[in-house]
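Participant: PDB, C-alpha atoms, pLDDT in the B column, saved as run.pdb, coming up:
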```pdb
ATOM      1  CA  MET A   1      25.134  40.798 205.431  1.00 83.00           C
ATOM      2  CA  PRO A   2      27.784  43.322 204.354  1.00 92.00           C
ATOM      3  CA  ALA A   3      29.433  43.227 200.934  1.00 96.00           C
ATOM      4  CA  PHE A   4      33.221  43.424 200.706  1.00 97.00           C
ATOM      5  CA  LYS A   5      35.225  44.332 197.637  1.00 97.00           C
ATOM      6  CA  LEU A   6      38.377  42.248 197.459  1.00 98.00           C
ATOM      7  CA  THR A   7      41.283  41.994 195.050  1.00 98.00           C
ATOM      8  CA  VAL A   8      42.331  38.359 194.860  1.00 98.00           C
ATOM      9  CA  ASN A   9      44.891  37.145 192.328  1.00 98.00           C
ATOM     10  CA  ASN A  10      44.609  40.486 190.517  1.00 97.00           C
ATOM     11  CA  ALA A  11      40.858  40.108 189.995  1.00 98.00           C
ATOM     12  CA  ALA A  12      38.107  42.140 191.664  1.00 98.00           C
ATOM     13  CA  TYR A  13      35.437  40.334 193.662  1.00 98.00           C
ATOM     14  CA  THR A  14      32.491  41.409 195.781  1.00 97.00           C
ATOM     15  CA  VAL A  15      31.565  38.955 198.511  1.00 97.00           C
ATOM     16  CA  ASP A  16      28.677  38.958 200.948  1.00 97.00           C
ATOM     17  CA  ALA A  17      30.019  37.841 204.298  1.00 97.00           C
ATOM     18  CA  GLU A  18      30.127  38.781 207.937  1.00 97.00           C
ATOM     19  CA  SER A  19      33.107  41.060 208.584  1.00 95.00           C
ATOM     20  CA  ASP A  20      34.671  38.548 210.979  1.00 97.00           C
ATOM     21  CA  MET A  21      34.445  35.603 208.563  1.00 98.00           C
ATOM     22  CA  PRO A  22      37.989  34.246 208.097  1.00 98.00           C
ATOM     23  CA  LEU A  23      39.523  35.018 204.726  1.00 98.00           C
ATOM     24  CA  LEU A  24      40.200  31.289 204.369  1.00 98.00           C
ATOM     25  CA  TRP A  25      36.484  30.513 204.183  1.00 98.00           C
ATOM     26  CA  VAL A  26      35.850  33.397 201.806  1.00 98.00           C
ATOM     27  CA  LEU A  27      38.541  32.073 199.480  1.00 98.00           C
ATOM     28  CA  ARG A  28      37.460  28.441 199.659  1.00 98.00           C
ATOM     29  CA  ASP A  29      33.692  28.639 200.069  1.00 98.00           C
ATOM     30  CA  LEU A  30      32.696  31.871 198.358  1.00 98.00           C
ATOM     31  CA  LEU A  31      35.357  32.239 195.651  1.00 98.00           C
ATOM     32  CA  ASN A  32      36.030  28.512 195.103  1.00 98.00           C
ATOM     33  CA  LEU A  33      39.798  29.032 195.402  1.00 98.00           C
ATOM     34  CA  THR A  34      40.509  25.765 197.183  1.00 97.00           C
ATOM     35  CA  GLY A  35      44.294  25.735 196.885  1.00 96.00           C
ATOM     36  CA  THR A  36      44.585  27.493 200.243  1.00 97.00           C
ATOM     37  CA  LYS A  37      44.187  24.744 202.820  1.00 97.00           C
ATOM     38  CA  TYR A  38      42.628  24.503 206.266  1.00 97.00           C
ATOM     39  CA  GLY A  39      45.089  22.973 208.679  1.00 95.00           C
ATOM     40  CA  CYS A  40      44.517  23.976 212.267  1.00 94.00           C
ATOM     41  CA  GLY A  41      42.363  27.097 212.309  1.00 94.00           C
ATOM     42  CA  VAL A  42      44.516  28.720 214.996  1.00 95.00           C
ATOM     43  CA  ALA A  43      47.490  30.072 213.003  1.00 94.00           C
ATOM     44  CA  SER A  44      49.841  27.308 214.151  1.00 94.00           C
ATOM     45  CA  CYS A  45      50.531  25.285 210.999  1.00 96.00           C
ATOM     46  CA  GLY A  46      50.770  27.649 208.008  1.00 97.00           C
ATOM     47  CA  ALA A  47      48.658  25.520 205.628  1.00 97.00           C
ATOM     48  CA  CYS A  48      46.441  28.545 204.946  1.00 98.00           C
ATOM     49  CA  THR A  49      49.279  30.962 204.132  1.00 98.00           C
ATOM     50  CA  VAL A  50      48.509  33.547 201.446  1.00 98.00           C
ATOM     51  CA  MET A  51      50.167  36.840 200.575  1.00 98.00           C
ATOM     52  CA  ILE A  52      48.465  40.056 201.567  1.00 98.00           C
ATOM     53  CA  ASP A  53      50.196  43.132 200.198  1.00 98.00           C
ATOM     54  CA  GLY A  54      53.319  41.020 199.680  1.00 97.00           C
ATOM     55  CA  ASN A  55      53.431  39.660 203.223  1.00 97.00           C
ATOM     56  CA  ALA A  56      52.760  36.071 204.247  1.00 97.00           C
ATOM     57  CA  ALA A  57      49.538  35.890 206.273  1.00 98.00           C
ATOM     58  CA  TYR A  58      47.403  33.154 207.793  1.00 98.00           C
ATOM     59  CA  ALA A  59      44.036  33.249 206.046  1.00 98.00           C
ATOM     60  CA  CYS A  60      42.408  31.279 208.882  1.00 98.00           C
ATOM     61  CA  GLN A  61      42.894  34.159 211.296  1.00 96.00           C
ATOM     62  CA  ARG A  62      42.441  37.141 208.979  1.00 97.00           C
ATOM     63  CA  PRO A  63      38.879  38.513 209.033  1.00 98.00           C
ATOM     64  CA  VAL A  64      37.592  39.381 205.584  1.00 98.00           C
ATOM     65  CA  GLY A  65      36.684  42.852 206.843  1.00 97.00           C
ATOM     66  CA  SER A  66      40.384  43.609 207.255  1.00 97.00           C
ATOM     67  CA  CYS A  67      41.184  42.610 203.659  1.00 98.00           C
ATOM     68  CA  VAL A  68      39.447  45.419 201.776  1.00 97.00           C
ATOM     69  CA  ASN A  69      41.892  47.506 199.693  1.00 95.00           C
ATOM     70  CA  LYS A  70      44.559  44.817 200.067  1.00 98.00           C
ATOM     71  CA  LYS A  71      46.211  42.763 197.326  1.00 98.00           C
ATOM     72  CA  ILE A  72      45.595  39.111 198.147  1.00 98.00           C
ATOM     73  CA  ILE A  73      47.511  36.393 196.306  1.00 98.00           C
ATOM     74  CA  THR A  74      46.721  32.706 196.754  1.00 98.00           C
ATOM     75  CA  ILE A  75      48.569  29.709 195.371  1.00 97.00           C
ATOM     76  CA  GLU A  76      46.285  29.892 192.320  1.00 97.00           C
ATOM     77  CA  GLY A  77      47.511  33.429 191.671  1.00 97.00           C
ATOM     78  CA  LEU A  78      51.230  32.826 192.111  1.00 96.00           C
ATOM     79  CA  SER A  79      51.337  32.083 188.373  1.00 94.00           C
ATOM     80  CA  ALA A  80      48.735  30.763 185.993  1.00 88.00           C
ATOM     81  CA  ASP A  81      51.095  28.315 184.303  1.00 94.00           C
ATOM     82  CA  GLY A  82      53.368  27.161 187.141  1.00 93.00           C
ATOM     83  CA  SER A  83      56.219  29.385 185.957  1.00 96.00           C
ATOM     84  CA  HIS A  84      56.870  31.198 189.240  1.00 97.00           C
ATOM     85  CA  PRO A  85      60.419  30.394 190.402  1.00 98.00           C
ATOM     86  CA  VAL A  86      59.112  28.836 193.619  1.00 98.00           C
ATOM     87  CA  GLN A  87      56.687  26.600 191.745  1.00 97.00           C
ATOM     88  CA  LYS A  88      59.395  25.473 189.317  1.00 97.00           C
ATOM     89  CA  ALA A  89      61.824  24.865 192.185  1.00 98.00           C
ATOM     90  CA  TRP A  90      59.276  22.806 194.132  1.00 97.00           C
ATOM     91  CA  GLN A  91      58.799  20.601 191.099  1.00 96.00           C
ATOM     92  CA  LYS A  92      62.523  20.305 190.388  1.00 97.00           C
ATOM     93  CA  ALA A  93      63.301  19.333 193.995  1.00 97.00           C
ATOM     94  CA  GLY A  94      60.345  16.925 194.164  1.00 96.00           C
ATOM     95  CA  VAL A  95      59.190  18.479 197.409  1.00 95.00           C
ATOM     96  CA  PRO A  96      55.660  17.158 198.009  1.00 89.00           C
ATOM     97  CA  GLN A  97      54.787  13.827 199.498  1.00 90.00           C
ATOM     98  CA  CYS A  98      51.150  14.179 200.498  1.00 90.00           C
ATOM     99  CA  GLY A  99      51.226  17.788 199.273  1.00 90.00           C
ATOM    100  CA  TYR A 100      48.651  19.163 201.701  1.00 93.00           C
ATOM    101  CA  CYS A 101      50.889  21.805 203.273  1.00 94.00           C
ATOM    102  CA  GLN A 102      52.680  22.732 200.081  1.00 95.00           C
ATOM    103  CA  PRO A 103      50.511  25.686 198.975  1.00 96.00           C
ATOM    104  CA  GLY A 104      51.170  27.366 202.328  1.00 97.00           C
ATOM    105  CA  GLN A 105      54.858  26.452 202.205  1.00 97.00           C
ATOM    106  CA  MET A 106      55.181  27.879 198.707  1.00 98.00           C
ATOM    107  CA  MET A 107      53.348  31.082 199.586  1.00 98.00           C
ATOM    108  CA  ALA A 108      55.573  31.638 202.634  1.00 98.00           C
ATOM    109  CA  ALA A 109      58.683  31.083 200.503  1.00 98.00           C
ATOM    110  CA  ALA A 110      57.397  33.347 197.715  1.00 98.00           C
ATOM    111  CA  ALA A 111      56.621  36.152 200.180  1.00 98.00           C
ATOM    112  CA  MET A 112      60.094  35.826 201.701  1.00 98.00           C
ATOM    113  CA  LEU A 113      61.788  35.906 198.286  1.00 98.00           C
ATOM    114  CA  GLU A 114      59.718  38.880 197.170  1.00 96.00           C
ATOM    115  CA  LYS A 115      61.305  40.895 199.989  1.00 96.00           C
ATOM    116  CA  ASN A 116      64.738  39.269 200.109  1.00 98.00           C
ATOM    117  CA  LYS A 117      66.227  37.825 196.920  1.00 98.00           C
ATOM    118  CA  LYS A 118      69.223  36.317 198.735  1.00 98.00           C
ATOM    119  CA  PRO A 119      68.098  35.168 202.189  1.00 98.00           C
ATOM    120  CA  SER A 120      70.574  33.446 204.469  1.00 97.00           C
ATOM    121  CA  ASP A 121      69.984  29.893 205.666  1.00 97.00           C
ATOM    122  CA  GLU A 122      69.060  31.389 209.037  1.00 97.00           C
ATOM    123  CA  THR A 123      66.454  33.650 207.437  1.00 98.00           C
ATOM    124  CA  ILE A 124      65.055  30.732 205.450  1.00 98.00           C
ATOM    125  CA  ALA A 125      64.844  28.571 208.576  1.00 97.00           C
ATOM    126  CA  GLU A 126      63.225  31.342 210.601  1.00 97.00           C
ATOM    127  CA  THR A 127      60.710  32.221 207.886  1.00 97.00           C
ATOM    128  CA  MET A 128      59.738  28.655 207.125  1.00 97.00           C
ATOM    129  CA  SER A 129      59.623  27.506 210.764  1.00 96.00           C
ATOM    130  CA  SER A 130      56.007  28.640 211.064  1.00 93.00           C
ATOM    131  CA  ASN A 131      54.877  26.248 208.298  1.00 95.00           C
ATOM    132  CA  LEU A 132      54.540  22.636 209.362  1.00 95.00           C
ATOM    133  CA  CYS A 133      54.926  19.557 207.176  1.00 94.00           C
ATOM    134  CA  ARG A 134      53.686  16.279 208.633  1.00 92.00           C
ATOM    135  CA  CYS A 135      55.582  14.336 205.954  1.00 92.00           C
ATOM    136  CA  GLY A 136      58.870  15.932 207.017  1.00 92.00           C
ATOM    137  CA  THR A 137      59.961  17.269 203.627  1.00 94.00           C
ATOM    138  CA  TYR A 138      61.835  20.143 205.244  1.00 95.00           C
ATOM    139  CA  HIS A 139      65.172  19.263 203.625  1.00 95.00           C
ATOM    140  CA  ARG A 140      63.552  19.292 200.167  1.00 97.00           C
ATOM    141  CA  ILE A 141      61.743  22.548 200.943  1.00 97.00           C
ATOM    142  CA  LYS A 142      65.081  24.141 201.806  1.00 97.00           C
ATOM    143  CA  GLU A 143      66.612  22.673 198.641  1.00 98.00           C
ATOM    144  CA  ALA A 144      63.743  24.076 196.559  1.00 98.00           C
ATOM    145  CA  ILE A 145      64.146  27.520 198.104  1.00 98.00           C
ATOM    146  CA  HIS A 146      67.827  27.498 197.156  1.00 98.00           C
ATOM    147  CA  ILE A 147      66.895  26.487 193.591  1.00 98.00           C
ATOM    148  CA  ALA A 148      64.392  29.376 193.473  1.00 98.00           C
ATOM    149  CA  ILE A 149      67.051  31.781 194.801  1.00 98.00           C
ATOM    150  CA  GLU A 150      69.390  30.756 191.969  1.00 97.00           C
ATOM    151  CA  ASP A 151      66.614  31.220 189.421  1.00 97.00           C
ATOM    152  CA  ILE A 152      65.567  34.633 190.776  1.00 97.00           C
ATOM    153  CA  ASN A 153      69.131  35.907 190.854  1.00 96.00           C
ATOM    154  CA  LYS A 154      70.176  34.864 187.323  1.00 90.00           C
TER     155      LYS A 154
END
```
Any chance you could give the structure as structure tokens?
Facilitator:
Amino acid sequence: MPAFKLTVNNAAYTVDAESDMPLLWVLRDLLNLTGTKYGCGVASCGACTVMIDGNAAYACQRPVGSCVNKKIITIEGLSADGSHPVQKAWQKAGVPQCGYCQPGQMMAAAAMLEKNKKPSDETIAETMSSNLCRCGTYHRIKEAIHIAIEDINK
């Protein structure tokens, strides 16, 4: 089995895995980073969203072999103490109900705000439309994103 050197949450790891093993399973099963969730396995729900080189990406469809020399950030790496503006905003807005989709939601929002500090409502809606929430907390997600925008732009 090949060994892959990965940078996850600013730490170096070497994992033994088949090159086509989904990054999601590497994160959860080999690195014990279980914050990234399995939702559908076919890139339709966004529960497994992580950032790869600053871009939101579905870990369920990203083969580990394509992740070498990339900077991977999971929900655990967004901030160690919950101080990232998106994390604080999610808490302030009381977003989660069941919470299952929230790591993916937060990672999608964080990736968007890393590239665009003042996104329009249309950009927010378009970006977040690929992340599903069975509890229907979309209005609170949007509220939290606006809180994070205010915080980032102080």
Participant: For the structure shown, which residues end up in the PyMOL selection byres ((chain A and resi 15) around 6)? Put them as a short mmCIF file (atom, residue, chain, number, x, y, z; two decimals) with C-alpha atoms, in the coordinates of the input, please?
Facilitator:
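Written output follows (part19.cif):
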```cif
data_model
loop_
_atom_site.label_atom_id
_atom_site.label_comp_id
_atom_site.auth_asym_id
_atom_site.auth_seq_id
_atom_site.Cartn_x
_atom_site.Cartn_y
_atom_site.Cartn_z
CA ALA A 3 29.43 43.23 200.93
CA PHE A 4 33.22 43.42 200.71
CA THR A 14 32.49 41.41 195.78
CA ASP A 16 28.68 38.96 200.95
#
```
Participant: Which residue is closest to Gly65 of chain A? Choose from A:Tyr13, A:Ile52, A:Thr123, A:Lys5 and count all atoms listed in the file.
Facilitator: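 Distance minimum relative to Gly65 of chain A lands on A:Lys5.
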Participant: State, in Å with one decimal place, the distance from atom CA of Ala59 of chain A to atom CA of Gln97 of chain A.
Facilitator: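 The value is 23.1 Å.
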Participant: With distances taken over all atoms listed in the file, which of A:Pro103, A:Pro119, A:Gly136, A:Gly77 is nearest to Lys37 of chain A?
Facilitator: A:Pro103
Participant: Enter the distance from atom CA of Ala144 of chain A to atom CA of Gly82 of chain A, in Å, rounded to one decimal.
Facilitator: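 Calculated distance between atom CA of Ala144 of chain A and atom CA of Gly82 of chain A is 14.3 Å.
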Participant: Starting from the structure just given, write a file holding segment 107-118 of chain A with all heavy atoms, as a short mmCIF file (atom, residue, chain, number, x, y, z; two decimals), in the first residue's frame.
Facilitator:
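Heads up, here's the output in part21.cif:
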```
data_model
loop_
_atom_site.label_atom_id
_atom_site.label_comp_id
_atom_site.auth_asym_id
_atom_site.auth_seq_id
_atom_site.Cartn_x
_atom_site.Cartn_y
_atom_site.Cartn_z
N MET A 107 -17.50 24.91 7.08
CA MET A 107 -16.32 24.89 6.21
C MET A 107 -16.63 25.56 4.87
O MET A 107 -15.79 26.29 4.33
CB MET A 107 -15.83 23.46 6.01
CG MET A 107 -15.31 22.81 7.28
SD MET A 107 -14.05 23.77 8.17
CE MET A 107 -12.71 23.71 7.00
N ALA A 108 -17.82 25.35 4.34
CA ALA A 108 -18.21 26.02 3.09
C ALA A 108 -18.25 27.53 3.29
O ALA A 108 -17.76 28.31 2.46
CB ALA A 108 -19.56 25.50 2.60
N ALA A 109 -18.83 27.97 4.42
CA ALA A 109 -18.91 29.40 4.71
C ALA A 109 -17.51 29.99 4.91
O ALA A 109 -17.20 31.07 4.40
CB ALA A 109 -19.78 29.64 5.94
N ALA A 110 -16.66 29.28 5.65
CA ALA A 110 -15.31 29.78 5.91
C ALA A 110 -14.51 29.90 4.61
O ALA A 110 -13.79 30.89 4.41
CB ALA A 110 -14.59 28.86 6.89
N ALA A 111 -14.65 28.93 3.72
CA ALA A 111 -13.94 28.99 2.43
C ALA A 111 -14.43 30.18 1.61
O ALA A 111 -13.64 30.90 1.00
CB ALA A 111 -14.12 27.69 1.67
N MET A 112 -15.75 30.40 1.61
CA MET A 112 -16.31 31.53 0.88
C MET A 112 -15.75 32.84 1.44
O MET A 112 -15.32 33.71 0.68
CB MET A 112 -17.84 31.53 0.98
CG MET A 112 -18.50 32.77 0.40
SD MET A 112 -20.28 32.82 0.65
CE MET A 112 -20.41 32.87 2.43
N LEU A 113 -15.76 32.98 2.77
CA LEU A 113 -15.33 34.23 3.39
C LEU A 113 -13.83 34.44 3.31
O LEU A 113 -13.36 35.58 3.39
CB LEU A 113 -15.82 34.28 4.84
CG LEU A 113 -17.34 34.34 4.99
CD1 LEU A 113 -17.74 34.23 6.46
CD2 LEU A 113 -17.90 35.61 4.36
N GLU A 114 -13.08 33.38 3.13
CA GLU A 114 -11.64 33.52 2.94
C GLU A 114 -11.34 34.21 1.60
O GLU A 114 -10.39 34.95 1.48
CB GLU A 114 -10.97 32.14 2.98
CG GLU A 114 -9.47 32.20 3.08
CD GLU A 114 -8.87 30.84 3.37
OE1 GLU A 114 -9.07 30.32 4.48
OE2 GLU A 114 -8.18 30.32 2.47
N LYS A 115 -12.20 33.96 0.62
CA LYS A 115 -12.01 34.54 -0.72
C LYS A 115 -12.76 35.85 -0.92
O LYS A 115 -12.38 36.68 -1.72
CB LYS A 115 -12.47 33.54 -1.77
CG LYS A 115 -11.63 32.30 -1.81
CD LYS A 115 -12.09 31.40 -2.92
CE LYS A 115 -11.24 30.19 -3.07
NZ LYS A 115 -9.83 30.35 -2.96
N ASN A 116 -13.87 36.01 -0.20
CA ASN A 116 -14.73 37.17 -0.39
C ASN A 116 -15.23 37.63 0.97
O ASN A 116 -16.11 37.01 1.56
CB ASN A 116 -15.91 36.79 -1.30
CG ASN A 116 -16.83 37.93 -1.61
OD1 ASN A 116 -16.74 39.02 -1.04
ND2 ASN A 116 -17.76 37.70 -2.53
N LYS A 117 -14.67 38.72 1.46
CA LYS A 117 -14.98 39.21 2.81
C LYS A 117 -16.35 39.88 2.90
O LYS A 117 -16.88 40.07 3.99
CB LYS A 117 -13.91 40.20 3.28
CG LYS A 117 -12.50 39.65 3.21
CD LYS A 117 -12.08 39.07 4.51
CE LYS A 117 -10.63 38.68 4.52
NZ LYS A 117 -10.37 37.28 4.35
N LYS A 118 -16.92 40.25 1.75
CA LYS A 118 -18.23 40.91 1.74
C LYS A 118 -19.11 40.31 0.64
O LYS A 118 -19.49 41.01 -0.32
CB LYS A 118 -18.06 42.41 1.52
CG LYS A 118 -17.37 43.12 2.66
CD LYS A 118 -17.30 44.62 2.43
CE LYS A 118 -16.61 45.30 3.59
NZ LYS A 118 -16.57 46.75 3.45
#
```
